[in-house]
$ cat run06.txt   # compact mmCIF, C-alpha atoms
# COMPACT_ATOMS: atom_id res chain seq x y z
CA MET A 1 -23.68 4.90 -15.23
CA TYR A 2 -23.49 4.60 -11.49
CA GLU A 3 -26.61 6.66 -10.97
CA GLN A 4 -28.48 4.78 -13.62
CA TYR A 5 -27.58 1.23 -12.60
CA GLY A 6 -26.46 1.67 -9.03
CA ASP A 7 -29.49 -0.08 -7.61
CA GLU A 8 -29.16 -3.18 -9.71
CA VAL A 9 -25.40 -3.43 -10.02
CA GLU A 10 -22.77 -3.07 -7.35
CA PHE A 11 -20.04 -0.72 -8.48
CA PHE A 12 -16.63 -0.84 -6.87
CA ILE A 13 -13.43 0.92 -7.61
CA VAL A 14 -10.51 -1.38 -6.96
CA TYR A 15 -7.73 0.95 -6.02
CA ILE A 16 -4.43 -0.54 -7.13
CA ARG A 17 -0.79 0.35 -7.46
CA GLU A 18 -0.15 3.85 -8.78
CA ALA A 19 0.27 3.92 -12.53
CA HIS A 20 2.60 6.91 -12.66
CA ALA A 21 4.09 7.39 -9.23
CA LEU A 22 7.06 9.71 -8.95
CA ASP A 23 9.36 6.89 -7.96
CA SER A 24 8.22 4.61 -10.75
CA PRO A 25 9.94 4.16 -14.12
CA VAL A 26 7.18 6.24 -15.74
CA PRO A 27 6.40 9.23 -13.53
CA ASN A 28 3.67 11.54 -14.75
CA LEU A 29 4.73 15.04 -13.87
CA GLN A 30 1.57 16.62 -15.27
CA GLY A 31 -0.82 14.84 -12.98
CA PRO A 32 -0.96 14.48 -9.22
CA LEU A 33 2.57 14.09 -7.88
CA LEU A 34 2.60 11.06 -5.64
CA GLU A 35 5.24 8.66 -4.56
CA ASP A 36 3.94 5.14 -4.73
CA PRO A 37 2.25 4.33 -1.42
CA ILE A 38 4.40 1.98 0.60
CA SER A 39 1.97 1.06 3.29
CA PHE A 40 -1.62 0.03 3.29
CA ILE A 41 -2.60 3.09 5.28
CA GLU A 42 -0.91 5.34 2.72
CA ARG A 43 -2.66 3.63 -0.13
CA THR A 44 -6.00 3.83 1.67
CA SER A 45 -5.60 7.56 2.25
CA THR A 46 -4.52 8.10 -1.35
CA ALA A 47 -7.62 6.22 -2.48
CA SER A 48 -9.81 8.40 -0.28
CA ARG A 49 -8.18 11.54 -1.66
CA CYS A 50 -8.74 10.27 -5.15
CA THR A 51 -12.44 9.56 -4.67
CA GLU A 52 -12.99 12.86 -2.88
CA ASP A 53 -11.05 15.01 -5.33
CA LEU A 54 -12.69 13.45 -8.34
CA HIS A 55 -16.11 13.18 -6.69
CA LEU A 56 -16.38 9.51 -7.45
CA PRO A 57 -19.65 8.25 -6.02
CA MET A 58 -18.96 4.55 -5.76
CA PRO A 59 -16.99 3.04 -2.90
CA ALA A 60 -13.34 2.23 -3.40
CA LEU A 61 -11.83 -1.04 -2.25
CA VAL A 62 -8.14 -0.83 -1.51
CA ASP A 63 -5.91 -3.60 -2.83
CA GLY A 64 -3.35 -4.96 -0.39
CA MET A 65 0.30 -4.05 -0.70
CA ASP A 66 0.97 -7.43 -2.25
CA ASP A 67 -1.10 -6.25 -5.25
CA LEU A 68 -2.87 -9.59 -5.20
CA VAL A 69 -6.17 -8.55 -6.75
CA ASN A 70 -4.37 -6.33 -9.24
CA ARG A 71 -2.34 -9.27 -10.40
CA SER A 72 -5.24 -11.72 -10.42
CA TYR A 73 -7.20 -9.47 -12.71
CA GLN A 74 -4.24 -7.78 -14.42
CA GLY A 75 -5.97 -4.52 -13.65
CA HIS A 76 -2.91 -2.28 -14.00
CA PRO A 77 -3.04 0.60 -15.01
CA ASP A 78 -6.81 0.61 -15.35
CA ARG A 79 -9.40 -1.88 -16.46
CA LEU A 80 -13.11 -2.63 -16.36
CA TYR A 81 -14.75 -5.92 -15.46
CA LEU A 82 -18.30 -7.06 -14.86
CA VAL A 83 -18.89 -10.05 -12.64
CA GLY A 84 -22.25 -11.63 -13.35
CA VAL A 85 -24.80 -12.77 -10.83
CA ASP A 86 -23.50 -16.30 -11.31
CA GLY A 87 -20.07 -15.28 -10.05
CA ARG A 88 -18.46 -15.59 -13.45
CA ILE A 89 -16.89 -12.89 -15.54
CA SER A 90 -19.52 -11.37 -17.86
CA TYR A 91 -17.33 -8.67 -19.29
CA ALA A 92 -13.60 -8.29 -19.31
CA GLY A 93 -12.33 -5.04 -20.74
CA ALA A 94 -8.96 -4.91 -22.38
CA ARG A 95 -6.13 -3.30 -20.42
CA GLY A 96 -6.42 0.47 -20.20
CA PRO A 97 -6.18 3.18 -21.25
CA ARG A 98 -7.01 1.89 -24.70
CA GLY A 99 -9.24 -0.85 -23.37
CA PHE A 100 -10.95 1.29 -20.76
CA VAL A 101 -14.28 1.90 -22.52
CA PRO A 102 -17.16 2.69 -20.18
CA ALA A 103 -19.68 2.32 -23.03
CA ASP A 104 -18.69 -1.33 -23.40
CA LEU A 105 -19.23 -1.86 -19.70
CA GLU A 106 -22.62 -0.28 -19.95
CA ALA A 107 -23.58 -2.58 -22.82
CA ALA A 108 -22.40 -5.54 -20.79
CA ILE A 109 -24.47 -4.40 -17.82
CA GLU A 110 -27.56 -4.20 -20.03
CA VAL A 111 -26.96 -7.74 -21.27
CA GLU A 112 -26.32 -9.03 -17.78
CA LEU A 113 -29.43 -7.42 -16.35
CA LYS A 114 -31.57 -8.87 -19.13
CA ARG A 115 -30.01 -12.27 -18.48
CA SER A 116 -30.78 -12.22 -14.79
CA ASP A 117 -34.07 -10.34 -15.24
CA ARG A 118 -36.04 -13.28 -16.47
CA PRO A 119 -35.93 -15.38 -13.29
CA ARG A 120 -36.71 -12.29 -11.22
CA ARG A 121 -39.79 -11.42 -13.20
CA ARG A 122 -40.94 -14.99 -13.12
CA ALA A 123 -40.61 -15.05 -9.34
CA SER A 124 -42.71 -11.92 -8.93
CA LEU A 125 -45.61 -13.24 -11.02
CA MET B 126 -30.15 8.24 -21.86
CA ARG B 127 -27.06 9.99 -20.58
CA PHE B 128 -24.92 8.70 -17.79
CA PRO B 129 -22.18 10.30 -15.75
CA HIS B 130 -18.78 10.11 -17.34
CA ILE B 131 -16.38 7.69 -15.72
CA PHE B 132 -12.96 9.27 -15.54
CA ILE B 133 -10.18 7.67 -17.48
CA ARG B 134 -7.31 6.83 -15.14
CA PHE B 135 -8.82 9.20 -12.53
CA THR B 136 -6.23 11.82 -13.48
CA VAL B 137 -6.77 15.45 -12.55
CA PRO B 138 -4.05 18.08 -12.42
CA LEU B 139 -3.21 19.01 -8.85
CA CYS B 140 -0.55 21.10 -7.16
CA ALA B 141 2.54 19.20 -6.17
CA LEU B 142 2.64 17.41 -2.86
CA PHE B 143 6.35 17.03 -2.62
CA ILE B 144 9.15 16.26 -4.99
CA ALA B 145 10.31 12.68 -5.31
CA THR B 146 13.73 11.92 -3.94
CA SER B 147 14.21 8.66 -5.78
CA ALA B 148 16.81 8.26 -8.51
CA PRO B 149 16.03 9.53 -12.03
CA ALA B 150 14.69 6.84 -14.30
CA GLN B 151 16.84 7.64 -17.30
CA VAL B 152 20.55 7.06 -17.40
CA ILE B 153 22.76 10.15 -17.38
CA GLU B 154 25.67 10.00 -19.77
CA GLY B 155 29.06 10.01 -18.20
CA THR B 156 31.36 7.76 -16.26
CA ALA B 157 29.74 5.07 -14.19
CA SER B 158 31.06 6.55 -10.97
CA GLY B 159 29.82 10.03 -11.95
CA VAL B 160 26.28 8.80 -12.43
CA GLY B 161 26.50 6.79 -9.25
CA ASP B 162 27.70 9.81 -7.32
CA ARG B 163 24.82 11.92 -8.52
CA VAL B 164 22.32 9.21 -7.67
CA TRP B 165 24.00 8.83 -4.29
CA GLU B 166 23.62 12.54 -3.60
CA ILE B 167 19.90 12.29 -4.27
CA LEU B 168 19.59 9.22 -2.09
CA LEU B 169 21.50 10.93 0.72
CA LEU B 170 18.43 13.10 1.22
CA HIS B 171 16.94 10.03 2.86
CA ASP B 172 19.83 9.70 5.30
CA ASP B 173 18.09 10.74 8.50
CA ASP B 174 20.92 10.03 10.92
CA SER B 175 23.58 11.31 8.53
CA ASP B 176 25.75 8.27 8.92
CA GLY B 177 26.41 7.88 5.21
CA ILE B 178 24.34 4.72 5.07
CA ILE B 179 20.79 4.51 3.81
CA THR B 180 18.82 1.81 5.56
CA ARG B 181 15.57 0.43 4.31
CA ALA B 182 13.79 2.22 7.12
CA GLU B 183 15.33 5.57 6.20
CA PHE B 184 14.45 5.08 2.55
CA ASP B 185 10.84 4.75 3.59
CA ARG B 186 9.58 4.49 0.02
CA ASP B 187 8.77 1.76 -2.45
CA SER B 188 10.58 -1.33 -1.19
CA ARG B 189 10.79 -2.51 -4.78
CA ALA B 190 12.97 0.49 -5.56
CA PHE B 191 15.11 -0.11 -2.48
CA SER B 192 15.58 -3.76 -3.39
CA GLY B 193 16.65 -2.64 -6.83
CA TYR B 194 19.40 -0.53 -5.33
CA ASP B 195 20.40 -3.00 -2.64
CA LEU B 196 22.62 -5.26 -4.70
CA ASN B 197 23.85 -7.43 -1.85
CA GLN B 198 20.43 -7.42 -0.15
CA ASP B 199 21.78 -6.47 3.24
CA GLY B 200 19.16 -3.78 3.82
CA ARG B 201 21.71 -0.96 3.67
CA LEU B 202 22.93 1.26 0.87
CA ASN B 203 26.28 2.93 0.77
CA ARG B 204 28.01 4.95 -1.88
CA ALA B 205 30.01 2.04 -3.28
CA GLU B 206 26.90 -0.04 -3.76
CA ILE B 207 25.13 2.78 -5.55
CA VAL B 208 28.10 3.33 -7.83
CA ARG B 209 27.99 -0.39 -8.70
CA TRP B 210 24.26 -0.18 -9.21
CA ALA B 211 24.61 2.79 -11.54
CA SER B 212 27.30 1.11 -13.59
CA SER B 213 25.30 -2.10 -13.95
CA ARG B 214 22.25 -0.07 -14.91
CA SER B 215 24.09 1.86 -17.58
CA ARG B 216 25.41 -1.37 -19.04
CA ALA B 217 21.87 -2.79 -19.10
CA ARG B 218 20.78 -0.18 -21.62
CA PRO B 219 21.53 -1.58 -25.06
CA GLY B 220 23.44 0.71 -27.37
CA ARG B 221 24.56 3.13 -24.69
CA GLY B 222 28.14 3.94 -23.82
CA ALA B 223 31.05 1.69 -24.69
CA ALA B 224 30.54 -1.66 -26.34
CA GLY B 225 29.81 -3.58 -23.15
CA SER B 226 32.86 -3.13 -20.97
CA PRO B 227 32.56 -0.77 -18.02
CA PRO B 228 35.26 1.71 -17.05
CA ALA B 229 38.07 0.11 -15.09
CA GLY B 230 37.71 0.31 -11.36
CA SER B 231 33.94 0.23 -11.26
CA GLN B 232 33.83 -3.53 -10.85
CA ARG B 233 34.50 -5.53 -7.78
CA GLY B 234 37.43 -7.42 -9.23
CA GLY B 235 39.21 -8.31 -12.43
CA ALA B 236 37.73 -8.97 -15.85
CA ALA B 237 37.23 -12.65 -15.07
CA ARG B 238 34.69 -11.95 -12.33
CA ASN B 239 30.98 -11.86 -13.04
CA ARG B 240 29.27 -8.50 -13.01
CA GLY B 241 25.98 -7.61 -11.46
CA GLN B 242 25.38 -9.43 -8.20
CA GLY B 243 21.62 -9.73 -8.59
CA PRO B 244 21.57 -11.20 -12.07
CA THR B 245 24.54 -13.45 -11.25
CA ARG B 246 22.77 -14.85 -8.25
CA MET B 247 19.60 -15.42 -10.22
CA ILE B 248 21.41 -17.21 -13.01
CA SER B 249 23.38 -19.24 -10.50
CA ALA B 250 20.32 -20.22 -8.56
CA LEU B 251 18.22 -21.22 -11.51
CA GLY B 252 20.70 -22.18 -14.19
CA ASP B 253 23.14 -24.69 -12.74
CA LEU B 254 21.20 -27.68 -13.93
CA ASP B 255 23.96 -30.23 -13.45
CA ALA B 256 25.01 -28.71 -10.12
CA ASP B 257 28.68 -28.51 -11.06
CA GLY B 258 29.17 -24.93 -9.88
CA ILE B 259 29.21 -23.57 -13.42
CA VAL B 260 26.36 -22.27 -15.51
CA THR B 261 27.04 -22.55 -19.21
CA GLU B 262 25.07 -20.58 -21.73
CA GLY B 263 23.46 -23.82 -22.92
CA GLU B 264 22.39 -24.65 -19.36
CA TRP B 265 20.89 -21.20 -18.90
CA ASN B 266 18.95 -21.45 -22.13
CA ARG B 267 17.67 -24.88 -21.18
CA ALA B 268 16.62 -23.51 -17.79
CA LEU B 269 14.78 -20.65 -19.45
CA ASP B 270 13.08 -23.04 -21.84
CA GLY B 271 11.78 -24.92 -18.84
CA MET B 272 10.20 -21.77 -17.42
CA SER B 273 8.82 -20.12 -20.49
CA ALA B 274 5.88 -20.54 -22.76
CA GLU B 275 5.53 -18.76 -26.09
CA GLY B 276 8.55 -16.59 -25.54
CA VAL B 277 7.61 -15.23 -22.14
CA ILE B 278 8.17 -16.30 -18.56
CA PRO B 279 5.45 -15.66 -15.99
CA VAL B 280 6.73 -13.65 -13.09
CA ASP B 281 4.94 -16.03 -10.80
CA THR B 282 7.04 -18.94 -12.07
CA LEU B 283 10.25 -17.05 -11.36
CA ARG B 284 9.03 -16.07 -7.94
CA THR B 285 8.22 -19.65 -6.99
CA LEU B 286 11.55 -20.95 -8.30
CA LEU B 287 13.53 -18.31 -6.46
CA ALA B 288 11.56 -18.86 -3.29
CA GLU B 289 12.46 -22.53 -3.43
CA LYS B 290 16.10 -21.50 -3.38
CA GLY B 291 15.55 -19.17 -0.48
CA MET B 292 15.96 -16.12 -2.71
CA GLY B 293 12.39 -14.90 -2.73
CA ARG B 294 13.57 -11.49 -1.63
CA MET B 295 15.17 -11.00 -5.03
CA THR B 296 11.81 -11.05 -6.74
CA PRO B 297 10.92 -7.36 -6.25
CA PHE B 298 14.27 -6.42 -7.75
CA ILE B 299 13.69 -8.64 -10.75
CA ILE B 300 10.21 -7.29 -11.26
CA SER B 301 11.39 -3.70 -11.08
CA ARG B 302 14.09 -4.42 -13.66
CA TRP B 303 12.29 -6.60 -16.15
CA ASP B 304 8.59 -6.12 -15.63
CA PRO B 305 8.23 -2.50 -14.52
CA ASP B 306 4.67 -2.12 -15.75
CA GLY B 307 3.49 -5.19 -13.93
CA ALA B 308 2.33 -7.18 -16.93
CA GLY B 309 3.18 -10.38 -15.07
CA PHE B 310 5.45 -11.65 -17.81
CA ILE B 311 9.13 -11.30 -18.56
CA ASP B 312 10.40 -11.52 -22.06
CA ARG B 313 12.46 -14.70 -22.37
CA TRP B 314 14.85 -13.16 -24.83
CA SER B 315 15.98 -10.43 -22.45
CA LEU B 316 16.75 -12.97 -19.74
CA GLY B 317 18.73 -14.98 -22.25
CA GLU B 318 20.72 -11.88 -23.20
CA LEU B 319 21.38 -11.31 -19.52
CA PHE B 320 23.80 -14.23 -19.56
CA ARG B 321 26.11 -12.42 -21.96
CA ARG B 322 26.08 -9.31 -19.85
CA VAL B 323 26.87 -11.19 -16.66
CA ASP B 324 29.55 -13.30 -18.30
CA ALA B 325 32.28 -10.69 -18.01
CA ASP B 326 35.09 -12.62 -19.62
CA GLY B 327 32.88 -13.92 -22.39
CA ASP B 328 33.90 -17.54 -22.03
CA GLY B 329 30.32 -18.79 -22.02
CA ARG B 330 30.55 -19.93 -18.43
CA ILE B 331 29.44 -18.27 -15.22
CA GLU B 332 30.78 -19.43 -11.90
CA VAL B 333 28.28 -19.87 -9.15
CA PRO B 334 29.42 -17.46 -6.43
CA PRO B 335 29.86 -18.65 -2.83
CA THR B 336 26.54 -18.47 -1.10
CA GLU B 337 27.42 -17.28 2.39
CA GLY B 338 25.41 -14.19 3.18
CA LEU B 339 23.66 -14.13 -0.16
CA ALA B 340 20.94 -16.75 0.05
CA ARG B 341 19.16 -17.88 3.15
CA PRO B 342 17.24 -21.08 3.77
CA ALA B 343 13.66 -20.94 2.58
CA SER B 344 11.27 -19.88 5.28
CA PRO B 345 7.50 -20.32 5.33
CA ARG B 346 7.06 -16.69 4.30
CA ASP B 347 9.14 -17.26 1.20
CA GLY B 348 7.51 -20.16 -0.49
CA ALA B 349 4.51 -22.12 0.55
CA ASP B 350 2.00 -19.66 1.90
CA ARG B 351 2.49 -16.96 -0.67
CA SER B 352 2.63 -19.21 -3.66
CA ARG B 353 -0.38 -21.19 -2.50
CA GLY B 354 -2.43 -18.06 -2.09
CA GLU B 355 -1.24 -16.66 -5.35
CA ALA B 356 -1.80 -19.88 -7.23
CA ARG B 357 -5.41 -19.73 -6.16
CA LEU B 358 -5.91 -16.31 -7.60
CA PHE B 359 -3.13 -15.70 -10.05
CA ARG B 360 -3.40 -18.67 -12.46
CA GLY B 361 -0.11 -18.11 -14.21
CA GLY B 362 -0.46 -14.48 -15.14
CA ALA B 363 -3.37 -14.31 -17.54
CA ALA B 364 -6.25 -11.99 -16.91
CA PRO B 365 -9.61 -13.69 -16.43
CA VAL B 366 -11.79 -13.85 -19.53
CA VAL B 367 -15.52 -13.96 -20.01
CA GLY B 368 -16.89 -17.20 -18.64
CA ASP B 369 -14.13 -17.75 -16.08
CA ARG B 370 -15.07 -17.88 -12.47
CA ALA B 371 -14.18 -14.43 -11.15
CA PRO B 372 -11.22 -14.69 -8.75
CA ASP B 373 -12.61 -14.07 -5.30
CA PHE B 374 -11.12 -11.51 -2.97
CA THR B 375 -11.82 -9.68 0.26
CA LEU B 376 -10.75 -6.04 0.46
CA SER B 377 -11.47 -3.20 2.83
CA ARG B 378 -13.15 0.04 1.86
CA SER B 379 -11.13 3.22 1.64
CA ASP B 380 -13.74 5.26 3.47
CA ASP B 381 -14.04 2.77 6.30
CA PRO B 382 -11.16 0.33 6.51
CA GLN B 383 -12.95 -1.71 9.15
CA VAL B 384 -15.51 -2.79 6.56
CA GLN B 385 -14.45 -5.75 4.46
CA VAL B 386 -16.12 -6.54 1.16
CA GLN B 387 -15.97 -10.00 -0.35
CA LEU B 388 -16.64 -10.35 -4.06
CA SER B 389 -18.36 -13.71 -3.78
CA SER B 390 -20.89 -12.28 -1.33
CA PHE B 391 -22.73 -10.82 -4.33
CA THR B 392 -23.03 -14.11 -6.20
CA GLY B 393 -26.68 -14.90 -6.73
CA LYS B 394 -27.66 -11.37 -5.80
CA LYS B 395 -26.25 -8.63 -8.02
CA PRO B 396 -23.71 -8.20 -10.78
CA VAL B 397 -20.55 -6.39 -9.70
CA ALA B 398 -18.75 -3.88 -11.87
CA LEU B 399 -15.05 -3.58 -11.01
CA ILE B 400 -13.17 -0.45 -11.98
CA PHE B 401 -9.42 -0.91 -11.59
CA GLY B 402 -7.29 2.21 -11.41
CA SER B 403 -5.24 4.67 -9.43
CA TYR B 404 -4.88 8.38 -9.01
CA THR B 405 -1.77 9.01 -11.09

$ encode --input "run06.txt" --output "structure tokens"
Amino acid sequence: MYEQYGDEVEFFIVYIREAHALDSPVPNLQGPLLEDPISFIERTSTASRCTEDLHLPMPALVDGMDDLVNRSYQGHPDRLYLVGVDGRISYAGARGPRGFVPADLEAAIEVELKRSDRPRRRASL
Amino acid sequence: MRFPHIFIRFTVPLCALFIATSAPAQVIEGTASGVGDRVWEILLLHDDDSDGIITRAEFDRDSRAFSGYDLNQDGRLNRAEIVRWASSRSRARPGRGAAGSPPAGSQRGGAARNRGQGPTRMISALGDLDADGIVTEGEWNRALDGMSAEGVIPVDTLRTLLAEKGMGRMTPFIISRWDPDGAGFIDRWSLGELFRRVDADGDGRIEVPPTEGLARPASPRDGADRSRGEARLFRGGAAPVVGDRAPDFTLSRSDDPQVQVQLSSFTGKKPVALIFGSYT
């Protein structure tokens, strides 16, 4: 999706609080074993490790330790949103993992691009 | 047309970094002091200067977890505090152990005293509506009614109320106990039930404990600045829906922390797809 739409849509990972840190109530012992980052620098380096290890092409933005953006968008544990060109929410996925459906995001991107396409084409005529 | 798969939850098996030294999440059966001792032994691994006290600096991990342990909020943990913490935690699990009363000797005082410093202080701070030094069950329920909507209380509301009383530091503890998955809401019923657990002698009244050393006067960090900033973005705990103005933010990139990206900078230019997640 990133390769296909990356020119027309900005993609950002918003790296938030760990979903299954070792020192959380729900540690995941099958996955990467991490204690929840306690400083911004730790979270930033964990985010870098994540994008490198998983070869994620889009840039990651690191949420502050106050989890402000996480809480504004209720993004925990994972979630997809599309912000339209007008600055309003075009697509708000349900909370993951059940609600984390990339196909829905792609459909929303198609709709959004068609919506904002018309003025662009008119301008180029 | 095919597109690259976006990983769910970014999870990939990896070899272990290091083993967590925090307390186990589940309660171990046994006497309250036995559980506390075992938790204390695990926590002692953090005791860098081997003085038998764990400071917040030594703990060096999630401050939410530390605040959960630190019942009297003095920034230090000792064995006695952990034993109290373990016993209050085991009582908080419904259906476990004896029918509500802890083993003798694991409380601070006699049966007439309130148990659980954190919950007692919260109830005292928020529940004494007529300011007579006593919180009755009716008062507590009326206080909860004032905070809740449709059976839940937004964490943000609690945070603001506690900050007004100078007890904003309790908030991480409350969140770790009652909203561990960060939904932003606390179930009103469970806070109502809390009254019965705190009310040790079951007389329907909780005495407000003396406040020296427990609460401190509200400081700017506690209340105004944080709640103003959060009110701008947080809007009472609901996630934004289609059509809402997207809450603006400015965050730095992980690959170059000097670079700041502001969401609203793309308005009028490009749509922005936001993928929330973490590695674990």

$ closest_residue --input "run06.txt" --among "B:Arg321, B:Asp304, B:Asp326, B:Met272" --to "chain A" --atoms "all atoms listed in the file"
B:Asp304

$ interface_residues --input "run06.txt" --of "chain A" --to "chain B" --cutoff "7 Å" --atoms "only C-alpha atoms" --output "ChimeraX atom specification"
/A:1,4,8-23,25,30-36,38,44,47-48,50,59-63,69,71-92,102

$ atom_distance --input "run06.txt" --atom1 "atom CA of Phe100 of chain A" --atom2 "atom CA of Arg49 of chain A"
21.9 Å

$ residues_around --input "run06.txt" --residues "Leu287 of chain B" --least-positions-apart "6" --cutoff "8 Å" --atoms "all atoms listed in the file" --output "list in words"
Met247, Ala250, Leu251, Gly293, Met295 and Thr296 of chain B

$ atom_distance --input "run06.txt" --atom1 "atom CA of Arg181 of chain B" --atom2 "atom CA of Asp199 of chain B"
9.3 Å

$ atom_distance --input "run06.txt" --atom1 "atom CA of Gly243 of chain B" --atom2 "atom CA of Asn197 of chain B"
7.5 Å
